[in-house]
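Participant: So here's entry-v6.txt (compact mmCIF, C-alpha atoms).
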```
# COMPACT_ATOMS: atom_id res chain seq x y z
CA MET A 1 70.40 143.38 92.67
CA ILE A 2 71.44 144.74 89.29
CA PHE A 3 69.23 144.76 86.20
CA ARG A 4 70.42 146.10 82.88
CA ASP A 5 68.88 146.66 79.49
CA LYS A 6 69.97 148.42 76.34
CA LEU A 7 68.00 150.82 74.23
CA GLN A 8 68.69 151.55 70.60
CA ILE A 9 67.27 154.88 69.52
CA ALA A 10 67.00 155.77 65.85
CA THR A 11 67.17 159.54 65.53
CA ASP A 12 66.24 161.45 62.41
CA GLY A 13 68.85 164.11 63.07
CA ARG A 14 69.31 167.03 65.41
CA GLY A 15 66.58 167.36 68.00
CA THR A 16 65.33 165.96 71.29
CA TYR A 17 63.76 162.54 71.87
CA ASP A 18 61.76 161.74 74.99
CA LEU A 19 63.07 158.51 76.55
CA SER A 20 60.99 158.71 79.73
CA ALA A 21 58.65 155.86 78.81
CA ASN A 22 61.52 153.66 77.59
CA VAL A 23 63.42 154.14 80.84
CA GLN A 24 60.37 153.60 83.03
CA GLN A 25 59.69 150.33 81.18
CA VAL A 26 63.17 149.06 82.07
CA VAL A 27 62.61 149.98 85.71
CA ALA A 28 59.28 148.16 85.71
CA ALA A 29 60.87 145.09 84.09
CA SER A 30 63.60 145.04 86.74
CA GLY A 31 61.11 144.39 89.53
CA ILE A 32 63.17 146.72 91.74
CA GLY A 33 61.14 148.86 94.10
CA THR A 34 63.71 151.09 95.77
CA GLY A 35 67.09 152.04 94.40
CA MET A 36 68.69 153.94 91.56
CA CYS A 37 68.26 154.01 87.79
CA HIS A 38 71.26 154.99 85.70
CA VAL A 39 71.01 156.05 82.08
CA PHE A 40 74.16 156.18 79.96
CA ILE A 41 74.71 157.18 76.34
CA HIS A 42 77.65 155.58 74.53
CA HIS A 43 78.38 158.53 72.24
CA THR A 44 80.15 161.90 72.23
CA SER A 45 77.89 163.67 69.75
CA ALA A 46 74.53 163.04 71.40
CA SER A 47 73.71 163.51 75.07
CA LEU A 48 71.13 163.19 77.83
CA MET A 49 69.24 165.71 79.91
CA LEU A 50 66.33 166.16 82.25
CA CYS A 51 64.08 168.92 81.00
CA GLU A 52 60.62 170.39 81.16
CA ASN A 53 58.28 167.99 79.38
CA ALA A 54 55.09 169.95 78.76
CA ASP A 55 55.64 172.84 76.33
CA PRO A 56 57.24 172.07 72.94
CA ASP A 57 58.55 175.65 72.88
CA VAL A 58 61.07 174.65 75.52
CA MET A 59 62.78 172.23 73.13
CA ARG A 60 62.74 174.82 70.36
CA ASP A 61 64.23 177.46 72.67
CA LEU A 62 66.92 175.03 73.83
CA GLU A 63 67.91 174.41 70.25
CA THR A 64 67.94 178.14 69.49
CA PHE A 65 70.10 178.81 72.51
CA MET A 66 72.62 176.07 71.75
CA SER A 67 72.85 177.02 68.09
CA ARG A 68 73.80 180.53 69.16
CA GLN A 69 76.25 179.40 71.85
CA VAL A 70 77.98 176.78 69.73
CA PRO A 71 77.44 177.77 66.10
CA ASP A 72 77.82 175.13 63.40
CA GLY A 73 80.69 175.96 61.10
CA ASP A 74 82.32 178.44 63.47
CA PRO A 75 85.75 179.16 61.94
CA MET A 76 87.44 178.65 65.32
CA PHE A 77 86.90 174.89 64.98
CA MET A 78 89.64 172.75 63.40
CA HIS A 79 87.87 169.40 63.92
CA THR A 80 85.54 169.47 60.91
CA ALA A 81 86.18 166.05 59.36
CA GLU A 82 82.52 165.09 59.55
CA GLY A 83 81.12 168.51 58.73
CA PRO A 84 80.23 171.84 60.32
CA ASP A 85 78.17 170.13 63.05
CA ASP A 86 80.96 167.74 64.13
CA MET A 87 82.79 169.77 66.77
CA PRO A 88 79.63 171.58 67.94
CA ALA A 89 78.10 168.14 68.63
CA HIS A 90 81.00 167.25 70.94
CA ILE A 91 80.77 170.57 72.79
CA ARG A 92 76.99 170.37 73.18
CA SER A 93 77.45 166.88 74.63
CA ILE A 94 80.01 168.12 77.13
CA LEU A 95 77.81 171.03 78.20
CA THR A 96 74.93 168.66 78.93
CA GLN A 97 75.13 165.06 80.27
CA SER A 98 76.34 161.65 79.17
CA ASP A 99 74.82 159.94 82.20
CA LEU A 100 71.87 160.52 84.51
CA ASN A 101 71.28 158.85 87.86
CA LEU A 102 67.69 158.85 89.07
CA PRO A 103 66.14 157.68 92.33
CA VAL A 104 63.75 154.73 92.05
CA SER A 105 60.81 154.63 94.47
CA ASP A 106 57.71 152.45 94.36
CA GLY A 107 59.04 150.69 91.28
CA GLN A 108 59.58 153.74 89.10
CA CYS A 109 61.93 156.64 88.54
CA SER A 110 60.85 159.28 90.98
CA LEU A 111 60.91 162.30 88.66
CA GLY A 112 59.45 165.71 89.31
CA THR A 113 56.10 166.46 87.70
CA TRP A 114 57.71 168.34 84.80
CA GLN A 115 60.90 166.32 84.43
CA GLY A 116 61.31 164.30 81.25
CA ILE A 117 64.34 162.21 80.25
CA TYR A 118 65.60 163.33 76.85
CA LEU A 119 68.17 162.20 74.37
CA TRP A 120 69.53 165.19 72.49
CA GLU A 121 70.83 164.32 69.04
CA HIS A 122 73.39 166.96 68.11
CA ARG A 123 74.34 165.73 64.63
CA LEU A 124 72.30 166.94 61.69
CA ALA A 125 72.04 163.50 60.08
CA PRO A 126 70.06 160.54 61.44
CA HIS A 127 71.98 158.23 63.77
CA SER A 128 71.43 155.04 65.71
CA ARG A 129 72.17 155.77 69.37
CA HIS A 130 72.98 153.23 72.07
CA VAL A 131 71.81 153.81 75.63
CA THR A 132 72.37 151.52 78.62
CA VAL A 133 69.89 151.57 81.50
CA THR A 134 71.01 150.03 84.80
CA VAL A 135 68.66 149.59 87.75
CA GLN A 136 70.12 148.76 91.15
CA GLY A 137 68.33 148.19 94.41
CA GLU A 138 65.93 146.00 96.32
CA MET B 1 80.64 144.69 96.71
CA ILE B 2 82.45 148.04 96.79
CA PHE B 3 86.02 148.58 95.63
CA ARG B 4 87.71 151.95 95.83
CA ASP B 5 91.02 153.37 94.77
CA LYS B 6 92.46 156.85 94.59
CA LEU B 7 94.37 158.41 91.73
CA GLN B 8 96.72 161.32 92.06
CA ILE B 9 97.22 163.14 88.80
CA ALA B 10 100.04 165.64 88.37
CA THR B 11 99.00 168.17 85.77
CA ASP B 12 101.38 170.59 84.10
CA GLY B 13 98.70 173.26 83.81
CA ARG B 14 95.65 173.91 81.71
CA GLY B 15 94.77 171.09 79.37
CA THR B 16 93.17 167.67 79.18
CA TYR B 17 94.56 164.42 80.56
CA ASP B 18 93.26 161.04 79.45
CA LEU B 19 92.39 158.93 82.52
CA SER B 20 90.77 156.08 80.62
CA ALA B 21 93.58 153.58 81.23
CA ASN B 22 93.88 154.57 84.91
CA VAL B 23 90.17 154.05 85.47
CA GLN B 24 90.05 150.77 83.57
CA GLN B 25 92.93 149.51 85.73
CA VAL B 26 90.93 150.16 88.88
CA VAL B 27 87.94 148.31 87.43
CA ALA B 28 90.17 145.36 86.52
CA ALA B 29 91.70 145.35 90.01
CA SER B 30 88.23 145.32 91.58
CA GLY B 31 87.39 141.94 90.09
CA ILE B 32 83.85 143.21 89.52
CA GLY B 33 82.24 142.00 86.32
CA THR B 34 78.90 143.80 86.23
CA GLY B 35 78.06 147.05 87.97
CA MET B 36 78.96 150.72 87.97
CA CYS B 37 82.21 152.69 88.04
CA HIS B 38 82.12 156.13 89.58
CA VAL B 39 84.85 158.73 89.04
CA PHE B 40 84.98 161.77 91.29
CA ILE B 41 87.34 164.75 91.35
CA HIS B 42 87.88 166.47 94.69
CA HIS B 43 88.44 169.98 93.26
CA THR B 44 86.50 172.97 92.01
CA SER B 45 89.03 174.20 89.45
CA ALA B 46 89.54 170.99 87.49
CA SER B 47 86.81 168.72 86.17
CA LEU B 48 85.93 165.51 84.36
CA MET B 49 84.34 164.77 81.02
CA LEU B 50 83.72 162.08 78.49
CA CYS B 51 84.93 163.18 75.09
CA GLU B 52 86.04 162.04 71.65
CA ASN B 53 89.40 160.32 72.05
CA ALA B 54 90.82 160.07 68.53
CA ASP B 55 91.58 163.50 67.06
CA PRO B 56 93.79 165.89 69.10
CA ASP B 57 92.06 168.79 67.35
CA VAL B 58 88.99 168.08 69.49
CA MET B 59 90.88 168.96 72.68
CA ARG B 60 92.31 172.08 71.05
CA ASP B 61 88.87 173.17 69.88
CA LEU B 62 87.39 172.55 73.33
CA GLU B 63 90.02 174.78 74.84
CA THR B 64 89.42 177.47 72.22
CA PHE B 65 85.70 177.33 72.85
CA MET B 66 85.97 177.53 76.63
CA SER B 67 88.50 180.34 76.49
CA ARG B 68 86.04 182.35 74.43
CA GLN B 69 83.03 181.48 76.61
CA VAL B 70 84.76 182.12 79.93
CA PRO B 71 87.65 184.49 79.25
CA ASP B 72 90.50 184.66 81.74
CA GLY B 73 90.69 188.08 83.32
CA ASP B 74 87.18 189.11 82.33
CA PRO B 75 86.53 192.34 84.28
CA MET B 76 83.13 191.06 85.41
CA PHE B 77 84.87 188.67 87.84
CA MET B 78 85.50 189.83 91.43
CA HIS B 79 87.04 186.55 92.64
CA THR B 80 90.59 187.02 91.35
CA ALA B 81 92.65 186.23 94.45
CA GLU B 82 94.59 183.48 92.68
CA GLY B 83 94.83 185.22 89.32
CA PRO B 84 92.88 185.82 86.10
CA ASP B 85 92.23 182.06 85.67
CA ASP B 86 90.78 181.59 89.17
CA MET B 87 87.07 182.29 88.63
CA PRO B 88 87.08 180.93 85.04
CA ALA B 89 88.38 177.63 86.46
CA HIS B 90 85.38 177.40 88.79
CA ILE B 91 82.93 178.20 86.00
CA ARG B 92 84.52 175.74 83.57
CA SER B 93 84.24 173.07 86.27
CA ILE B 94 80.57 173.80 86.81
CA LEU B 95 79.82 173.72 83.07
CA THR B 96 81.41 170.26 82.79
CA GLN B 97 81.38 167.45 85.41
CA SER B 98 82.79 166.71 88.84
CA ASP B 99 81.63 163.10 88.73
CA LEU B 100 81.00 160.48 86.08
CA ASN B 101 79.11 157.24 86.52
CA LEU B 102 79.88 154.54 83.96
CA PRO B 103 78.37 151.09 83.43
CA VAL B 104 80.72 148.14 84.02
CA SER B 105 80.24 145.06 81.83
CA ASP B 106 82.55 142.09 81.36
CA GLY B 107 84.95 143.55 83.89
CA GLN B 108 85.47 146.93 82.25
CA CYS B 109 83.83 150.31 81.78
CA SER B 110 81.54 149.89 78.84
CA LEU B 111 82.40 153.04 76.95
CA GLY B 112 81.49 153.90 73.40
CA THR B 113 84.20 153.42 70.77
CA TRP B 114 85.16 157.10 70.79
CA GLN B 115 84.55 157.88 74.46
CA GLY B 116 87.57 158.72 76.57
CA ILE B 117 87.58 159.74 80.24
CA TYR B 118 89.36 163.06 80.66
CA LEU B 119 90.49 165.25 83.50
CA TRP B 120 90.39 168.88 82.42
CA GLU B 121 92.83 171.06 84.32
CA HIS B 122 91.47 174.60 84.22
CA ARG B 123 94.24 176.37 86.14
CA LEU B 124 97.24 177.65 84.20
CA ALA B 125 99.77 176.39 86.74
CA PRO B 126 100.60 172.73 87.42
CA HIS B 127 98.51 171.08 90.15
CA SER B 128 98.22 167.75 91.90
CA ARG B 129 94.65 166.50 91.45
CA HIS B 130 92.91 163.87 93.55
CA VAL B 131 90.40 161.54 91.95
CA THR B 132 88.44 158.74 93.66
CA VAL B 133 87.30 155.75 91.63
CA THR B 134 84.57 153.54 93.14
CA VAL B 135 83.47 150.28 91.56
CA GLN B 136 80.25 148.66 92.76
CA GLY B 137 78.68 145.43 91.61
CA GLU B 138 79.03 141.71 91.39
CA MET C 1 71.96 148.89 102.18
CA ILE C 2 69.93 151.83 100.95
CA PHE C 3 68.95 154.81 103.08
CA ARG C 4 66.88 157.65 101.72
CA ASP C 5 65.67 160.97 103.01
CA LYS C 6 64.00 163.97 101.47
CA LEU C 7 64.88 167.61 101.92
CA GLN C 8 62.51 170.48 101.36
CA ILE C 9 64.34 173.73 100.71
CA ALA C 10 62.50 177.04 100.84
CA THR C 11 64.31 179.48 98.57
CA ASP C 12 63.73 183.21 98.58
CA GLY C 13 64.38 183.48 94.85
CA ARG C 14 67.36 183.37 92.54
CA GLY C 15 70.61 182.52 94.28
CA THR C 16 72.65 179.69 95.74
CA TYR C 17 71.90 177.73 98.90
CA ASP C 18 74.53 175.62 100.64
CA LEU C 19 73.14 172.11 101.25
CA SER C 20 76.40 170.57 102.46
CA ALA C 21 75.33 170.29 106.10
CA ASN C 22 71.89 168.95 105.17
CA VAL C 23 73.40 166.24 102.99
CA GLN C 24 76.07 165.30 105.52
CA GLN C 25 73.33 164.91 108.15
CA VAL C 26 71.53 162.37 105.97
CA VAL C 27 74.75 160.43 105.48
CA ALA C 28 75.36 160.42 109.24
CA ALA C 29 71.79 159.26 109.89
CA SER C 30 72.20 156.40 107.41
CA GLY C 31 74.92 154.77 109.48
CA ILE C 32 76.70 153.89 106.23
CA GLY C 33 80.48 154.11 106.40
CA THR C 34 81.59 153.38 102.84
CA GLY C 35 79.55 153.87 99.71
CA MET C 36 77.92 156.56 97.62
CA CYS C 37 75.63 159.50 98.36
CA HIS C 38 73.31 160.65 95.60
CA VAL C 39 71.58 164.03 95.61
CA PHE C 40 68.71 164.64 93.21
CA ILE C 41 66.56 167.71 92.60
CA HIS C 42 63.02 167.12 91.34
CA HIS C 43 62.78 170.34 89.31
CA THR C 44 63.77 171.79 85.95
CA SER C 45 64.21 175.41 87.03
CA ALA C 46 66.60 174.89 89.94
CA SER C 47 69.74 172.77 89.91
CA LEU C 48 72.66 171.38 91.88
CA MET C 49 76.39 171.97 91.73
CA LEU C 50 79.61 171.47 93.58
CA CYS C 51 81.43 174.77 93.97
CA GLU C 52 84.06 176.66 95.91
CA ASN C 53 82.66 177.29 99.39
CA ALA C 54 84.88 179.94 100.93
CA ASP C 55 84.58 183.26 99.09
CA PRO C 56 81.09 184.76 98.60
CA ASP C 57 82.41 186.55 95.51
CA VAL C 58 82.40 183.18 93.73
CA MET C 59 78.62 182.94 94.00
CA ARG C 60 78.22 186.54 92.86
CA ASP C 61 80.50 185.94 89.88
CA LEU C 62 78.62 182.76 88.96
CA GLU C 63 75.39 184.70 88.90
CA THR C 64 76.94 187.48 86.83
CA PHE C 65 78.30 184.96 84.35
CA MET C 66 75.03 183.06 83.97
CA SER C 67 73.00 186.25 83.63
CA ARG C 68 75.23 187.24 80.74
CA GLN C 69 75.19 183.80 79.09
CA VAL C 70 71.46 183.24 79.44
CA PRO C 71 69.84 186.66 79.72
CA ASP C 72 66.37 186.93 81.23
CA GLY C 73 63.89 188.19 78.68
CA ASP C 74 66.07 187.40 75.67
CA PRO C 75 63.77 187.86 72.66
CA MET C 76 64.90 184.54 71.18
CA PHE C 77 62.86 182.70 73.83
CA MET C 78 59.27 181.68 73.01
CA HIS C 79 58.60 179.88 76.32
CA THR C 80 57.77 182.86 78.50
CA ALA C 81 54.51 181.74 80.12
CA GLU C 82 55.89 182.22 83.63
CA GLY C 83 57.92 185.31 82.88
CA PRO C 84 61.28 186.44 81.51
CA ASP C 85 63.18 184.08 83.85
CA ASP C 86 61.19 180.97 82.84
CA MET C 87 63.22 179.65 79.90
CA PRO C 88 66.55 180.89 81.28
CA ALA C 89 65.85 178.83 84.42
CA HIS C 90 65.50 175.67 82.32
CA ILE C 91 68.69 176.38 80.39
CA ARG C 92 70.69 177.19 83.53
CA SER C 93 69.50 173.88 84.99
CA ILE C 94 70.62 171.97 81.91
CA LEU C 95 74.04 173.65 81.90
CA THR C 96 74.59 172.62 85.53
CA GLN C 97 73.39 169.42 87.29
CA SER C 98 70.17 167.79 88.39
CA ASP C 99 72.00 165.03 90.26
CA LEU C 100 75.31 164.64 92.06
CA ASN C 101 76.91 161.38 93.12
CA LEU C 102 79.48 161.66 95.90
CA PRO C 103 81.77 159.07 97.47
CA VAL C 104 81.09 158.27 101.14
CA SER C 105 84.11 157.41 103.31
CA ASP C 106 84.33 157.18 107.09
CA GLY C 107 80.64 157.95 107.36
CA GLN C 108 80.60 161.19 105.43
CA CYS C 109 80.69 162.58 101.89
CA SER C 110 84.33 162.73 101.00
CA LEU C 111 84.44 166.21 99.47
CA GLY C 112 87.48 168.26 98.64
CA THR C 113 88.44 170.98 101.11
CA TRP C 114 86.78 173.71 99.05
CA GLN C 115 83.84 171.74 97.66
CA GLY C 116 80.38 172.70 98.83
CA ILE C 117 77.06 171.21 97.68
CA TYR C 118 74.78 173.96 96.40
CA LEU C 119 71.24 174.26 95.25
CA TRP C 120 70.98 176.99 92.63
CA GLU C 121 67.54 178.58 92.46
CA HIS C 122 67.14 180.02 88.97
CA ARG C 123 63.65 181.52 89.31
CA LEU C 124 63.36 185.06 90.60
CA ALA C 125 60.47 184.27 92.96
CA PRO C 126 60.71 182.14 96.12
CA HIS C 127 60.04 178.43 95.62
CA SER C 128 59.83 175.26 97.68
CA ARG C 129 62.35 172.79 96.24
CA HIS C 130 62.34 169.02 96.75
CA VAL C 131 65.62 167.15 96.96
CA THR C 132 66.09 163.40 97.49
CA VAL C 133 69.26 162.12 99.14
CA THR C 134 70.07 158.42 98.75
CA VAL C 135 72.95 156.74 100.58
CA GLN C 136 74.06 153.29 99.48
CA GLY C 137 76.82 151.15 100.90
CA GLU C 138 78.03 149.22 103.91
```
How does the structure come out when it is put into structure tokens?

Facilitator:
Amino acid sequence: MIFRDKLQIATDGRGTYDLSANVQQVVAASGIGTGMCHVFIHHTSASLMLCENADPDVMRDLETFMSRQVPDGDPMFMHTAEGPDDMPAHIRSILTQSDLNLPVSDGQCSLGTWQGIYLWEHRLAPHSRHVTVTVQGE
Amino acid sequence: MIFRDKLQIATDGRGTYDLSANVQQVVAASGIGTGMCHVFIHHTSASLMLCENADPDVMRDLETFMSRQVPDGDPMFMHTAEGPDDMPAHIRSILTQSDLNLPVSDGQCSLGTWQGIYLWEHRLAPHSRHVTVTVQGE
Amino acid sequence: MIFRDKLQIATDGRGTYDLSANVQQVVAASGIGTGMCHVFIHHTSASLMLCENADPDVMRDLETFMSRQVPDGDPMFMHTAEGPDDMPAHIRSILTQSDLNLPVSDGQCSLGTWQGIYLWEHRLAPHSRHVTVTVQGE
């Protein structure tokens, strides 16, 4: 059995957005008890990750780290049509995930205690992001 | 239903190779309308990614970035049996993806407008790369 | 058909642990010949990867690289409640994988010759790590 739903996430610019509840709602709606849940983002300048979900400092530190690793406006980048955050957004996406596959048990994604599902908006400006959630199983 | 096909990609050394058409052909051949498409590379010195597919500068910038992050011939590397690009190829592979899972809708991979499926050859010399595409669904 | 088993891996601190045999045993026990094998780690401070499995220098070089990219105790990190390796462990996990999806053929994970399945413990202290292996197919 395959159940699919789409999420549209309005971001207000660079930062992380917790999708855990949205994804768990799709799994619940599917009626599937055991199987897999797949989360996919249809963009190359925003990405997905599983990350610690308790301390807001983690998200701040992640942003600090990435901003140092992939600096906006680095003169090595030629692809700057959409601004200094254009190419860094693609690289940040590649260094993280465009899709996550999660085990479903007892009718929900079986995440670790501290695992949250996050969308990471890498562009500075607000965007509307499309995410497809697919639940497969019994 | 499970449909599987293998791709053999001849690379002419370090660089990116657009597999989008190859993968979409396997999905079309599967006859599956709704499900998942999985792409897997059987190597540890070449990898997969989803990336912006319109501006060639993106691929050049990616290469520039990775060459700076993981320099060939960095003296910290002990694993140099196959040359200065040997260990960097493994690290580049680990920082990107060995497998991609993509939703299938209406008989094709439902990618975002700017998402292309790329093989990234990390070795300097030409290689023959094996990729398995699996389509599951209805 | 869906078959699932759980692995509990006792680590003795930072380093890599080869799970290839453990995962292949689950696939064998499933009785599934053709399909997919999914490996998931329920933590945000340890991760999974596919990597070269022959030369121990590769694992040493990986550790050297990551320690340079994401230094323990870097003063930019605010999230240090569990020590100088706390935030670096989250970042290392995000830069690698929390889940791997592998094709199953002829009753086993169809890996490349040099591909091993590794758990990468990023915390300095020993931990008990939970991994779920799901095999789907025919």

Participant: Can you work out the spacing between CA of Leu95 (chain C) and CA of Ser47 (chain A) in Å, to one decimal?

Facilitator: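 A separation of 12.2 Å between them.
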
Participant: Go through C:Pro103, C:Pro71, C:Pro56, C:Pro88 one by one, measure the shortest atom-to-atom distance of each to Gln24 (chain C) using all atoms listed in the file, and give the residue with the smallest value.

Facilitator: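 Among the listed residues, the smallest separation from Gln24 (chain C) belongs to C:Pro103.
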
Participant: Which residue out of A:Ser128, A:Thr80, A:Asn22, A:Asn53 has the minimum interatomic distance to Thr113 (chain A) when all atoms listed in the file are used?

Facilitator: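 The shortest atom-to-atom distance to Thr113 (chain A) comes from A:Asn53.
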
Participant: Can you measure CA of Ala29 (chain A) to CA of Ile2 (chain C) for me? One decimal in Å is fine.

Facilitator: 20.3 Å

Participant: Residues of chain B no more than 8 Å from chain A, counting all atoms listed in the file: send them over as a CSV table (one decimal) with C-alpha atoms, in the frame of the given file.

Facilitator:
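So iface.csv came out as:
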```csv
chain,number,residue,atom,x,y,z
B,35,GLY,CA,78.1,147.0,88.0
B,49,MET,CA,84.3,164.8,81.0
B,50,LEU,CA,83.7,162.1,78.5
B,51,CYS,CA,84.9,163.2,75.1
B,52,GLU,CA,86.0,162.0,71.6
B,55,ASP,CA,91.6,163.5,67.1
B,57,ASP,CA,92.1,168.8,67.4
B,58,VAL,CA,89.0,168.1,69.5
B,61,ASP,CA,88.9,173.2,69.9
B,62,LEU,CA,87.4,172.6,73.3
B,64,THR,CA,89.4,177.5,72.2
B,65,PHE,CA,85.7,177.3,72.8
B,95,LEU,CA,79.8,173.7,83.1
B,96,THR,CA,81.4,170.3,82.8
B,100,LEU,CA,81.0,160.5,86.1
B,101,ASN,CA,79.1,157.2,86.5
B,102,LEU,CA,79.9,154.5,84.0
B,103,PRO,CA,78.4,151.1,83.4
B,111,LEU,CA,82.4,153.0,77.0
B,112,GLY,CA,81.5,153.9,73.4
B,113,THR,CA,84.2,153.4,70.8
B,114,TRP,CA,85.2,157.1,70.8
B,115,GLN,CA,84.6,157.9,74.5
B,137,GLY,CA,78.7,145.4,91.6
```

Participant: Extract, using only C-alpha atoms, all DNA, RNA and protein residues at most 9 Å from Gly33 (chain B), discarding same-chain residues fewer than 6 positions from it, and format them as a ChimeraX atom specification.

Facilitator: /B:27,104-108,137-138
